[in-house]
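Below is run.cif, holding mmCIF, C-alpha atoms; chains and numbers go by the auth columns.
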data_run
#
loop_
_atom_site.group_PDB
_atom_site.id
_atom_site.type_symbol
_atom_site.label_atom_id
_atom_site.label_comp_id
_atom_site.label_asym_id
_atom_site.label_seq_id
_atom_site.Cartn_x
_atom_site.Cartn_y
_atom_site.Cartn_z
_atom_site.B_iso_or_equiv
_atom_site.auth_seq_id
_atom_site.auth_asym_id
ATOM 1 C CA MET A 1 20.223 -9.225 -6.440 0.00 20 W
ATOM 2 C CA VAL A 2 21.390 -6.556 -4.019 0.00 21 W
ATOM 3 C CA LYS A 3 21.765 -6.611 -0.283 0.00 22 W
ATOM 4 C CA VAL A 4 19.076 -4.599 1.459 0.00 23 W
ATOM 5 C CA ARG A 5 20.239 -1.628 3.492 0.00 24 W
ATOM 6 C CA ARG A 6 18.447 1.241 5.178 0.00 25 W
ATOM 7 C CA LEU A 7 18.626 4.976 4.568 0.00 26 W
ATOM 8 C CA ASN A 8 19.923 6.926 7.540 0.00 27 W
ATOM 9 C CA ASP A 9 18.690 10.409 8.430 0.00 28 W
ATOM 10 C CA LYS A 10 20.946 12.034 5.834 0.00 29 W
ATOM 11 C CA GLY A 11 19.739 9.576 3.228 0.00 30 W
ATOM 12 C CA MET A 12 16.073 10.243 3.951 0.00 31 W
ATOM 13 C CA GLN A 13 16.708 13.979 3.887 0.00 32 W
ATOM 14 C CA ALA A 14 18.444 13.645 0.525 0.00 33 W
ATOM 15 C CA PHE A 15 15.585 11.509 -0.807 0.00 34 W
ATOM 16 C CA GLU A 16 13.051 14.099 0.324 0.00 35 W
ATOM 17 C CA SER A 17 15.129 16.874 -1.249 0.00 36 W
ATOM 18 C CA TYR A 18 15.048 14.961 -4.524 0.00 37 W
ATOM 19 C CA LEU A 19 11.255 14.637 -4.322 0.00 38 W
ATOM 20 C CA SER A 20 10.987 18.371 -3.719 0.00 39 W
ATOM 21 C CA ALA A 21 13.374 19.159 -6.581 0.00 40 W
ATOM 22 C CA LEU A 22 11.183 17.175 -8.985 0.00 41 W
ATOM 23 C CA SER A 23 8.608 19.971 -8.767 0.00 42 W
ATOM 24 C CA ASP A 24 11.127 22.271 -10.462 0.00 43 W
ATOM 25 C CA ASP A 25 12.834 19.737 -12.730 0.00 44 W
ATOM 26 C CA SER A 26 10.730 16.620 -13.168 0.00 45 W
ATOM 27 C CA THR A 27 13.355 14.928 -15.345 0.00 46 W
ATOM 28 C CA LEU A 28 15.988 14.651 -12.606 0.00 47 W
ATOM 29 C CA ALA A 29 17.681 11.248 -12.423 0.00 48 W
ATOM 30 C CA ILE A 30 16.751 9.025 -9.479 0.00 49 W
ATOM 31 C CA PRO A 31 19.526 9.349 -6.837 0.00 50 W
ATOM 32 C CA LEU A 32 20.211 5.627 -6.620 0.00 51 W
ATOM 33 C CA GLN A 33 23.684 6.376 -5.281 0.00 52 W
ATOM 34 C CA LEU A 34 22.035 7.038 -1.903 0.00 53 W
ATOM 35 C CA LEU A 35 21.249 3.342 -1.581 0.00 54 W
ATOM 36 C CA ASN A 36 24.817 2.136 -1.002 0.00 55 W
ATOM 37 C CA ASN A 37 26.681 5.272 -0.017 0.00 56 W
ATOM 38 C CA PRO A 38 27.859 4.784 3.615 0.00 57 W
ATOM 39 C CA VAL A 39 27.186 8.481 4.211 0.00 58 W
ATOM 40 C CA THR A 40 23.476 8.082 3.413 0.00 59 W
ATOM 41 C CA SER A 41 22.781 4.416 4.185 0.00 60 W
ATOM 42 C CA GLN A 42 23.808 1.646 6.542 0.00 61 W
ATOM 43 C CA GLU A 43 23.593 -2.119 6.837 0.00 62 W
ATOM 44 C CA LEU A 44 20.656 -3.928 8.388 0.00 63 W
ATOM 45 C CA ASP A 45 20.977 -6.432 11.189 0.00 64 W
ATOM 46 C CA GLU A 46 19.053 -8.804 8.912 0.00 65 W
ATOM 47 C CA ASP A 47 20.760 -10.412 5.906 0.00 66 W
ATOM 48 C CA LEU A 48 18.224 -9.730 3.130 0.00 67 W
ATOM 49 C CA GLU A 49 18.600 -9.611 -0.639 0.00 68 W
ATOM 50 C CA VAL A 50 16.192 -8.151 -3.176 0.00 69 W
ATOM 51 C CA ASP A 51 15.973 -8.045 -6.962 0.00 70 W
ATOM 52 C CA GLU A 52 16.550 -4.426 -7.920 0.00 71 W
ATOM 53 C CA ASN A 53 15.330 -5.156 -11.459 0.00 72 W
ATOM 54 C CA ALA A 54 12.065 -6.829 -10.459 0.00 73 W
ATOM 55 C CA ALA A 55 9.100 -5.492 -12.440 0.00 74 W
ATOM 56 C CA PHE A 56 5.624 -5.860 -10.973 0.00 75 W
ATOM 57 C CA GLU A 57 2.366 -5.916 -12.915 0.00 76 W
ATOM 58 C CA ASN A 58 0.401 -4.697 -9.914 0.00 77 W
ATOM 59 C CA ARG A 59 0.692 -3.844 -6.243 0.00 78 W
ATOM 60 C CA TYR A 60 -0.442 -7.282 -5.158 0.00 79 W
ATOM 61 C CA LEU A 61 2.520 -8.978 -6.854 0.00 80 W
ATOM 62 C CA MET A 62 4.799 -6.373 -5.331 0.00 81 W
ATOM 63 C CA GLY A 63 3.281 -7.239 -1.960 0.00 82 W
ATOM 64 C CA LEU A 64 3.925 -10.943 -2.478 0.00 83 W
ATOM 65 C CA SER A 65 7.565 -10.123 -3.169 0.00 84 W
ATOM 66 C CA LEU A 66 7.779 -8.095 0.041 0.00 85 W
ATOM 67 C CA VAL A 67 6.158 -10.875 2.069 0.00 86 W
ATOM 68 C CA ASP A 68 8.690 -13.304 0.637 0.00 87 W
ATOM 69 C CA LEU A 69 11.525 -10.879 1.412 0.00 88 W
ATOM 70 C CA LEU A 70 10.517 -10.626 5.069 0.00 89 W
ATOM 71 C CA ASN A 71 9.729 -14.304 5.478 0.00 90 W
ATOM 72 C CA GLY A 72 11.939 -15.543 8.314 0.00 91 W
ATOM 73 C CA ALA A 73 13.195 -12.056 9.118 0.00 92 W
ATOM 74 C CA ASP A 74 12.445 -10.152 12.293 0.00 93 W
ATOM 75 C CA SER A 75 9.592 -8.253 10.689 0.00 94 W
ATOM 76 C CA GLN A 76 8.590 -6.681 14.004 0.00 95 W
ATOM 77 C CA GLN A 77 11.955 -4.950 14.133 0.00 96 W
ATOM 78 C CA LEU A 78 11.642 -3.778 10.533 0.00 97 W
ATOM 79 C CA LEU A 79 7.979 -2.830 10.794 0.00 98 W
ATOM 80 C CA GLY A 80 8.628 0.689 12.034 0.00 99 W
ATOM 81 C CA ASP A 81 12.071 1.102 10.492 0.00 100 W
ATOM 82 C CA ARG A 82 11.666 4.269 8.423 0.00 101 W
ATOM 83 C CA GLY A 83 15.052 3.856 6.787 0.00 102 W
ATOM 84 C CA PHE A 84 14.296 0.306 5.627 0.00 103 W
ATOM 85 C CA TRP A 85 10.986 1.124 3.917 0.00 104 W
ATOM 86 C CA SER A 86 12.365 4.352 2.466 0.00 105 W
ATOM 87 C CA TRP A 87 15.385 2.484 1.045 0.00 106 W
ATOM 88 C CA LEU A 88 13.088 0.000 -0.697 0.00 107 W
ATOM 89 C CA ALA A 89 10.915 2.809 -2.078 0.00 108 W
ATOM 90 C CA LEU A 90 13.986 4.505 -3.522 0.00 109 W
ATOM 91 C CA LEU A 91 15.196 1.215 -5.007 0.00 110 W
ATOM 92 C CA TRP A 92 11.874 0.719 -6.824 0.00 111 W
ATOM 93 C CA PHE A 93 11.092 4.416 -7.298 0.00 112 W
ATOM 94 C CA ASP A 94 10.942 4.055 -11.065 0.00 113 W
ATOM 95 C CA GLN A 95 7.894 1.816 -10.599 0.00 114 W
ATOM 96 C CA LEU A 96 6.343 3.839 -7.780 0.00 115 W
ATOM 97 C CA CYS A 97 6.731 7.097 -9.713 0.00 116 W
ATOM 98 C CA PRO A 98 7.355 6.274 -13.375 0.00 117 W
ATOM 99 C CA ALA A 99 8.288 8.907 -15.916 0.00 118 W
ATOM 100 C CA GLY A 100 5.589 9.795 -18.413 0.00 119 W
ATOM 101 C CA LYS A 101 5.993 9.818 -22.183 0.00 120 W
ATOM 102 C CA ASP A 102 7.513 13.273 -21.831 0.00 121 W
ATOM 103 C CA GLY A 103 10.145 11.904 -19.441 0.00 122 W
ATOM 104 C CA LYS A 104 8.708 13.790 -16.465 0.00 123 W
ATOM 105 C CA ARG A 105 7.817 12.352 -13.068 0.00 124 W
ATOM 106 C CA LYS A 106 4.944 13.538 -10.905 0.00 125 W
ATOM 107 C CA PRO A 107 5.553 12.316 -7.355 0.00 126 W
ATOM 108 C CA LYS A 108 2.900 12.195 -4.683 0.00 127 W
ATOM 109 C CA LYS A 109 3.544 13.556 -1.199 0.00 128 W
ATOM 110 C CA PRO A 110 6.861 12.470 0.406 0.00 129 W
ATOM 111 C CA TYR A 111 5.183 10.131 2.905 0.00 130 W
ATOM 112 C CA ASN A 112 4.157 7.908 -0.014 0.00 131 W
ATOM 113 C CA TYR A 113 7.851 7.001 -0.364 0.00 132 W
ATOM 114 C CA ILE A 114 9.516 7.975 2.923 0.00 133 W
ATOM 115 C CA LEU A 115 7.858 6.251 5.872 0.00 134 W
ATOM 116 C CA SER A 116 6.444 9.040 8.006 0.00 135 W
ATOM 117 C CA GLU A 117 7.061 9.608 11.699 0.00 136 W
ATOM 118 C CA ASN A 118 3.374 10.515 11.844 0.00 137 W
ATOM 119 C CA PHE A 119 1.477 7.250 12.339 0.00 138 W
ATOM 120 C CA ARG A 120 -1.609 8.692 10.625 0.00 139 W
ATOM 121 C CA HIS A 121 0.398 8.995 7.408 0.00 140 W
ATOM 122 C CA ARG A 122 2.045 5.572 7.527 0.00 141 W
ATOM 123 C CA PRO A 123 -0.785 3.798 5.670 0.00 142 W
ATOM 124 C CA ARG A 124 -0.013 6.120 2.756 0.00 143 W
ATOM 125 C CA HIS A 125 3.422 4.582 2.222 0.00 144 W
ATOM 126 C CA ALA A 126 3.304 2.655 -1.048 0.00 145 W
ATOM 127 C CA LEU A 127 5.331 -0.360 0.104 0.00 146 W
ATOM 128 C CA TYR A 128 4.586 -0.501 3.830 0.00 147 W
ATOM 129 C CA THR A 129 0.827 -0.651 3.236 0.00 148 W
ATOM 130 C CA THR A 130 1.157 -3.079 0.337 0.00 149 W
ATOM 131 C CA TRP A 131 3.212 -5.481 2.442 0.00 150 W
ATOM 132 C CA MET A 132 0.852 -5.142 5.416 0.00 151 W
ATOM 133 C CA LEU A 133 -2.263 -5.920 3.364 0.00 152 W
ATOM 134 C CA VAL A 134 -0.798 -8.962 1.624 0.00 153 W
ATOM 135 C CA ALA A 135 0.830 -10.265 4.823 0.00 154 W
ATOM 136 C CA ASN A 136 -2.454 -9.962 6.756 0.00 155 W
ATOM 137 C CA HIS A 137 -5.030 -10.873 4.115 0.00 156 W
ATOM 138 C CA GLY A 138 -3.314 -12.797 1.311 0.00 157 W
ATOM 139 C CA GLU A 139 -5.447 -13.081 -1.844 0.00 158 W
ATOM 140 C CA ASN A 140 -8.291 -11.233 -0.136 0.00 159 W
ATOM 141 C CA ALA A 141 -6.214 -8.069 -0.599 0.00 160 W
ATOM 142 C CA LEU A 142 -6.130 -8.414 -4.383 0.00 161 W
ATOM 143 C CA PHE A 143 -9.246 -6.329 -5.003 0.00 162 W
ATOM 144 C CA MET A 144 -7.461 -3.399 -3.324 0.00 163 W
ATOM 145 C CA LEU A 145 -4.049 -3.975 -4.889 0.00 164 W
ATOM 146 C CA SER A 146 -4.863 -4.802 -8.501 0.00 165 W
ATOM 147 C CA LYS A 147 -3.645 -1.478 -9.859 0.00 166 W
ATOM 148 C CA LYS A 148 -0.152 -0.626 -11.098 0.00 167 W
ATOM 149 C CA PRO A 149 2.485 -0.075 -8.376 0.00 168 W
ATOM 150 C CA HIS A 150 2.263 3.714 -8.794 0.00 169 W
ATOM 151 C CA GLU A 151 -1.546 3.785 -8.633 0.00 170 W
ATOM 152 C CA ARG A 152 -3.300 3.852 -5.290 0.00 171 W
ATOM 153 C CA GLY A 153 -6.954 3.796 -6.290 0.00 172 W
ATOM 154 C CA GLU A 154 -10.252 4.761 -4.678 0.00 173 W
ATOM 155 C CA ILE A 155 -10.849 1.476 -2.852 0.00 174 W
ATOM 156 C CA ILE A 156 -7.669 1.587 -0.842 0.00 175 W
ATOM 157 C CA GLU A 157 -8.154 5.333 -0.293 0.00 176 W
ATOM 158 C CA GLN A 158 -11.502 4.713 1.354 0.00 177 W
ATOM 159 C CA LEU A 159 -10.334 1.845 3.559 0.00 178 W
ATOM 160 C CA ALA A 160 -7.034 3.511 4.462 0.00 179 W
ATOM 161 C CA ALA A 161 -8.987 6.475 5.792 0.00 180 W
ATOM 162 C CA ARG A 162 -10.228 4.049 8.473 0.00 181 W
ATOM 163 C CA GLN A 163 -7.011 2.251 9.387 0.00 182 W
ATOM 164 C CA TYR A 164 -8.725 -0.084 11.866 0.00 183 W
ATOM 165 C CA PHE A 165 -10.873 -1.673 9.139 0.00 184 W
ATOM 166 C CA MET A 166 -7.766 -2.588 7.148 0.00 185 W
ATOM 167 C CA ALA A 167 -6.681 -4.890 9.975 0.00 186 W
ATOM 168 C CA CYS A 168 -10.033 -6.686 10.329 0.00 187 W
ATOM 169 C CA LYS A 169 -9.756 -10.026 8.517 0.00 188 W
ATOM 170 C CA GLY A 170 -13.495 -10.641 8.305 0.00 189 W
ATOM 171 C CA VAL A 171 -14.129 -7.153 6.962 0.00 190 W
ATOM 172 C CA ILE A 172 -11.517 -7.452 4.217 0.00 191 W
ATOM 173 C CA ALA A 173 -12.626 -10.997 3.314 0.00 192 W
ATOM 174 C CA ALA A 174 -16.237 -9.802 3.013 0.00 193 W
ATOM 175 C CA ALA A 175 -15.199 -6.797 0.938 0.00 194 W
ATOM 176 C CA HIS A 176 -13.205 -9.100 -1.342 0.00 195 W
ATOM 177 C CA HIS A 177 -16.303 -11.297 -1.787 0.00 196 W
ATOM 178 C CA ILE A 178 -18.448 -8.276 -2.614 0.00 197 W
ATOM 179 C CA TYR A 179 -16.138 -6.349 -4.902 0.00 198 W
ATOM 180 C CA PHE A 180 -13.603 -8.706 -6.510 0.00 199 W
ATOM 181 C CA ASP A 181 -14.180 -9.695 -10.133 0.00 200 W
ATOM 182 C CA PRO A 182 -12.204 -12.893 -10.888 0.00 201 W
ATOM 183 C CA SER A 183 -12.875 -12.596 -14.609 0.00 202 W
ATOM 184 C CA ARG A 184 -10.959 -9.287 -14.672 0.00 203 W
ATOM 185 C CA ASN A 185 -8.667 -10.033 -11.721 0.00 204 W
ATOM 186 C CA THR A 186 -9.562 -6.682 -10.219 0.00 205 W
ATOM 187 C CA PHE A 187 -12.490 -4.959 -8.503 0.00 206 W
ATOM 188 C CA LYS A 188 -15.945 -5.019 -10.080 0.00 207 W
ATOM 189 C CA VAL A 189 -17.183 -2.279 -12.354 0.00 208 W
ATOM 190 C CA GLY A 190 -19.029 0.319 -10.309 0.00 209 W
ATOM 191 C CA ALA A 191 -17.294 -0.463 -7.022 0.00 210 W
ATOM 192 C CA THR A 192 -15.755 3.006 -6.914 0.00 211 W
ATOM 193 C CA SER A 193 -18.814 4.806 -8.264 0.00 212 W
ATOM 194 C CA GLN A 194 -20.095 7.571 -6.035 0.00 213 W
ATOM 195 C CA THR A 195 -23.688 7.008 -7.128 0.00 214 W
ATOM 196 C CA ARG A 196 -24.197 3.248 -7.457 0.00 215 W
ATOM 197 C CA LYS A 197 -25.778 1.525 -4.484 0.00 216 W
ATOM 198 C CA GLY A 198 -23.380 -0.614 -2.467 0.00 217 W
ATOM 199 C CA ASN A 199 -20.237 1.221 -3.602 0.00 218 W
ATOM 200 C CA ILE A 200 -17.075 1.158 -1.499 0.00 219 W
ATOM 201 C CA ARG A 201 -17.807 4.548 0.098 0.00 220 W
ATOM 202 C CA ARG A 202 -21.186 3.284 1.258 0.00 221 W
ATOM 203 C CA PHE A 203 -19.565 0.112 2.553 0.00 222 W
ATOM 204 C CA VAL A 204 -17.103 2.057 4.706 0.00 223 W
ATOM 205 C CA THR A 205 -19.911 4.266 6.013 0.00 224 W
ATOM 206 C CA TYR A 206 -21.925 1.162 6.896 0.00 225 W
ATOM 207 C CA LEU A 207 -18.923 -0.344 8.686 0.00 226 W
ATOM 208 C CA GLN A 208 -18.679 2.781 10.822 0.00 227 W
ATOM 209 C CA GLN A 209 -22.279 2.277 11.882 0.00 228 W
ATOM 210 C CA LEU A 210 -21.739 -1.431 12.607 0.00 229 W
ATOM 211 C CA ASP A 211 -18.631 -0.647 14.632 0.00 230 W
ATOM 212 C CA LEU A 212 -20.874 0.896 17.288 0.00 231 W
ATOM 213 C CA THR A 213 -22.520 -2.440 18.073 0.00 232 W
ATOM 214 C CA TYR A 214 -20.288 -5.182 16.611 0.00 233 W
ATOM 215 C CA ASP A 215 -16.701 -6.227 17.229 0.00 234 W
ATOM 216 C CA LEU A 216 -15.464 -5.909 13.665 0.00 235 W
ATOM 217 C CA GLY A 217 -12.038 -7.152 14.692 0.00 236 W
ATOM 218 C CA SER A 218 -13.440 -10.625 15.341 0.00 237 W
ATOM 219 C CA ILE A 219 -16.488 -10.813 13.078 0.00 238 W
ATOM 220 C CA SER A 220 -16.288 -13.440 10.316 0.00 239 W
ATOM 221 C CA ALA A 221 -16.833 -12.651 6.657 0.00 240 W
ATOM 222 C CA ASP A 222 -19.936 -14.875 6.565 0.00 241 W
ATOM 223 C CA SER A 223 -21.430 -13.137 9.591 0.00 242 W
ATOM 224 C CA LEU A 224 -20.802 -9.717 8.090 0.00 243 W
ATOM 225 C CA LEU A 225 -22.230 -10.709 4.710 0.00 244 W
ATOM 226 C CA ALA A 226 -25.337 -12.094 6.430 0.00 245 W
ATOM 227 C CA ILE A 227 -26.248 -8.725 7.949 0.00 246 W
ATOM 228 C CA LEU A 228 -25.510 -6.512 4.949 0.00 247 W
ATOM 229 C CA PRO A 229 -28.552 -4.585 3.695 0.00 248 W
ATOM 230 C CA PRO A 230 -30.029 -5.416 0.252 0.00 249 W
ATOM 231 C CA GLU A 231 -28.179 -2.565 -1.484 0.00 250 W
ATOM 232 C CA TYR A 232 -25.069 -4.800 -1.635 0.00 251 W
ATOM 233 C CA ASP A 233 -26.844 -7.678 -3.343 0.00 252 W
ATOM 234 C CA GLY A 234 -26.068 -6.296 -6.788 0.00 253 W
ATOM 235 C CA PHE A 235 -22.353 -6.603 -6.152 0.00 254 W
ATOM 236 C CA ALA A 236 -22.291 -9.690 -3.949 0.00 255 W
ATOM 237 C CA LYS A 237 -24.338 -11.810 -6.352 0.00 256 W
ATOM 238 C CA SER A 238 -22.772 -10.593 -9.604 0.00 257 W
#

Structure encoded using structure tokens:
Amino acid sequence: MVKVRRLNDKGMQAFESYLSALSDDSTLAIPLQLLNNPVTSQELDEDLEVDENAAFENRYLMGLSLVDLLNGADSQQLLGDRGFWSWLALLWFDQLCPAGKDGKRKPKKPYNYILSENFRHRPRHALYTTWMLVANHGENALFMLSKKPHERGEIIEQLAARQYFMACKGVIAAAHHIYFDPSRNTFKVGATSQTRKGNIRRFVTYLQQLDLTYDLGSISADSLLAILPPEYDGFAKS
């Protein structure tokens, strides 16, 4: 277990420089020294400890760990703390951006690891979004977070493009009912298809239409399921 810290501005700059350098040399070692160096990091007001060797089968389990970490902490203070989320992403970077068989890493854009100052990009952060979904929706988030920690997936891409929907409990609960396959512990086959009726893209488009006449922030899952058109029956009843 290690005590959680936060990256300061120099630390986040160094982390971003490392991400940029990976495009030229994708075998560079992860700069874990940034985590505890007083020049690049600083203590939190909260006394938190995390398992630096924790290995997660999927994003949902990673989210459960984050929820447990913040349980009892002043999460509102940490919610927008860029240094805190960036420190955690660096700590677990080997899982968020694993090396391939050739030893090379292929990172996504920096805001997937360094919490962005741009609020439109914040849902892209691998850990911030994972924590938020599990904290707000519990097991109903599993259909979105069943992939490996480094994999984002089409379902979360579609919902993240409409940040408001991700906060609507009834919407997410209904989506979980429609698309989750308990036999596979992940989303149902065809959910991310661009051609099958009732796919996740169609669902998001339908939500946008409903949002004109319904308060999706307060609608219940049962109420939403009751007004879905027949094209979703194939998923909902399977």

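Counting from atom CA of W:Ser105, the distance to atom CA of W:Ala145 is 9.9 Å.
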
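Take the candidates W:Leu110, W:Cys187, W:Leu83, W:Leu38 and check each one against W:Met20 using all atoms listed in the file; the shortest distance goes to W:Leu110.
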
If you apply the PyMOL selection byres ((chain W and resi 255) around 12) to this file, what residues do you get, as a list in words?
-> Ala193, Ala194, His195, His196, Ile197, Tyr198, Phe199, Asp200, Phe206, Lys207, Ala210, Lys216, Gly217, Asn218, Asp241, Leu244, Ala245, Leu247, Pro248, Pro249, Glu250, Tyr251, Asp252, Gly253, Phe254, Lys256 and Ser257 of chain W

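The coordinates place atom CA of W:Phe162 at 22.2 Å from atom CA of W:Lys127.
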
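Picture a line from atom CA of W:Arg25 to atom CA of W:Ala40; it runs 22.0 Å.
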
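Checking W:Arg124, W:Lys188, W:Arg141, W:Arg181 one by one against W:Val223, counting all atoms listed in the file, you find the shortest gap at W:Arg181.
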
For the file shown, what are the residues hit by the PyMOL selection byres ((chain W and resi 22) around 12), laid out as a count of residues only?
-> 24

Please write as a ChimeraX atom specification the full residue list that the PyMOL selection byres ((chain W and resi 78) around 12) yields on this file.
-> /W:74-77,79-85,114-115,145-153,158,160-172,175,205
